[in-house]
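This report concerns only the one structure given below.
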Amino acid sequence: MDDARKAELDGYSEKISGDNLVPLWERLKTLVTPEPVSACQPHLWKYDDIRPVLLEAGSLLTAKEAERRVLILENPGMAGESKITTSLYAGIQLIMPGEIAPAHRHSQAAFRFILEGSGAYTAVDGEKSYMSKGDLILTPSGRWHDHGNESEEPTFWLDGLDIPIVQFLDASFMEHHSEDEHPHVRKDGDSVARYGNGLMPIDFIPVSNTSPVMKYPYDRTRESLITMKEAGGPDPCHGYKLMYVNPVDGKSAMPTMGAFMQLLPSGFETASYRSTDATVYSVVEGSGKTRIGDKEINWKPNDTFVVPSWHYHQHFAGEDCILFSYSDRPVQQALGLWREDRGNR
Ligand code: 1HN
């Protein structure tokens, strides 16, 4: 394009900008890209780095003062945005012995993935779920929740929330309960007993599209994976991989976040794979590494790392490894947007 025409077009854009009008021909290529283009970067957060500074926060302020004592895992490609991926939030939370993190409720859905400690709990609408390492505990959208620590040990967990999705949709509501603790009106573990044993009360009518099971205990998840490993036949891209499901409909346990657990046998190397759901991993057992494009991440238990959308990656298991992960896959699938590429380049 010659200089005169360029000046003419620039002048035109300038003239209409005051009317809140923008020529699409200047924007089309960045609005609609041939493949996903993301600010999200591959990154590793080491538990050994986080644990001491979070304990330091434990002596700086109480859980009640903080409301939630959490260090946000912020993606370096999205500084200031409190996001680990474009659509998801992650943080590491600490609750000290005897503390209560006061009851509140919000539109954002959350889960807790327990890293260290046992004997603390999350109560959802007054039902306590006691925490052990590797357990997944849900806090569905709009439900009262408080945390308490009845044990003698500090308890640490990974929080996953759909905050950026709710933010994008301008659908955030939050309120605080009048008491620190919602009255504990249900028996501890009630939801696992009713819905989490392959059984369901007859005539049960679901009230939401989130699983009615509030806790998925690690010992059961682990046992499933070990039994599958013994049977053999790993998937080349995933090893042995399970998805946490809502027993009511067999879909994802949460409508906005998919959660998964996979076992990679010692020495296993996954085939190159990519999918459109940027994925956050939390290492449960074993150490190994993940190659993401030309970046290599060496991980060990309780480390957190992120694989951005549509980045080829491979996992290498140095020993028997168990990895928890979560992503926005159910959202993309509901909208018909999710894609995967099993490496057939
Ligand atoms: C929240 O309610 C919790 O309940 C953790 O533990 C992290 C981050 C932002 C907004 C609400 C919790 C949160 C949060």
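Quick note on naming: the chains in the structure tokens go A, B, ... in the order shown, residues restart at 1 in each chain, and ligands are numbered from 1 in order of appearance.
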**Request:** For ligand 1, list the contacting residues at 7 Å or closer, counting only C-alpha atoms and all ligand atoms, as a list in words.
**Result:** Arg68, Val70, Gly91, His104, His145, Asp146, Asp159 and Leu161 of chain A
Which residues of range 222-275 of chain A come within 12 Å of range 110-122 of chain A, and what is each one's closest atom pair and distance in Å (one decimal), counting only C-alpha atoms, sorted by chain and residue number, as JSON lines?
{"residue": "A:Tyr244", "atom": "CA", "partner": "A:Phe111", "partner_atom": "CA", "distance": 11.8}
{"residue": "A:Ala253", "atom": "CA", "partner": "A:Phe111", "partner_atom": "CA", "distance": 10.4}
{"residue": "A:Met254", "atom": "CA", "partner": "A:Ala110", "partner_atom": "CA", "distance": 8.9}
{"residue": "A:Pro255", "atom": "CA", "partner": "A:Ala110", "partner_atom": "CA", "distance": 11.0}
{"residue": "A:Thr256", "atom": "CA", "partner": "A:Ala110", "partner_atom": "CA", "distance": 9.6}
{"residue": "A:Met257", "atom": "CA", "partner": "A:Ala110", "partner_atom": "CA", "distance": 8.8}
{"residue": "A:Gly258", "atom": "CA", "partner": "A:Phe111", "partner_atom": "CA", "distance": 10.7}
{"residue": "A:Ala259", "atom": "CA", "partner": "A:Phe111", "partner_atom": "CA", "distance": 9.4}
{"residue": "A:Phe260", "atom": "CA", "partner": "A:Phe113", "partner_atom": "CA", "distance": 11.3}
{"residue": "A:Met261", "atom": "CA", "partner": "A:Phe113", "partner_atom": "CA", "distance": 11.2}
**Length of the CA of Arg69 in chain A to CA of Ser82 in chain A vector [Å]** =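 According to the coordinates, CA of Arg69 in chain A and CA of Ser82 in chain A are separated by 14.9 Å.
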**Prompt:** Which of these residues is nearest to Ile297 in chain A, using only C-alpha atoms: A:Arg194, A:His43, A:Arg5, A:Lys133?
**Reply:**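 Smallest distance to Ile297 in chain A is found for A:His43.
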**Request:** Going by DSSP on the backbone, which bits of range 46-227 of chain A are alpha helix (DSSP H)? Write them as a PyMOL selection string, please.
**Result:** chain A and resi 47-60+63-66+163-168+190-195+218-227
Please report, as CSV, each residue of range 46-132 of chain A lying at most 6 Å from range 174-183 of chain A, together with the nearest pair of atoms and the separation in Å rounded to one decimal; use only C-alpha atoms, and order rows by chain and ascending residue number.
residue,atom,partner,partner_atom,distance
A:Pro102,CA,A:Asp180,CA,4.3
A:Ala103,CA,A:Asp180,CA,5.4
A:His104,CA,A:His176,CA,4.3
A:Arg105,CA,A:Glu175,CA,5.6
A:His106,CA,A:Met174,CA,4.1
A:Gly126,CA,A:Pro183,CA,5.5
**Request:** Provide the CA of His238 in chain A to CA of Ser224 in chain A distance in Å, to one decimal place.
**Result:**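 These atoms are spaced 15.3 Å apart.
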**Request:** Work out how far CA of Arg143 in chain A is from CA of Asp249 in chain A, in Å to one decimal.
**Result:**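 Rounded to one decimal, the two atoms are 20.4 Å apart.
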**Prompt:** Which of range 40-210 of chain A counts as strand (DSSP E or B) under DSSP, as a ChimeraX atom specification please?
**Reply:** /A:43-45,70-72,89-95,100-106,110-116,120-124,127-130,136-139,145-149,155-161,174-176
**Message:** Give me, as a PyMOL selection string, all polymer residues having an atom no more than 6 Å from Gly318 in chain A, counting only C-alpha atoms and skipping those fewer than 4 positions away in the same chain.
**Reply:** chain A and resi 266-267+287-288
**Request:** Rank A:Met243, A:Leu44, A:Ala231, A:Ile205 by their smallest atom-to-atom distance to Leu136 in chain A, using only C-alpha atoms, and report the top residue only.
**Result:** A:Met243
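Counting only C-alpha atoms and comparing A:Ser211, A:Ser191, A:Thr221, A:Thr85, the residue that lies closest to Tyr281 in chain A is A:Thr85.
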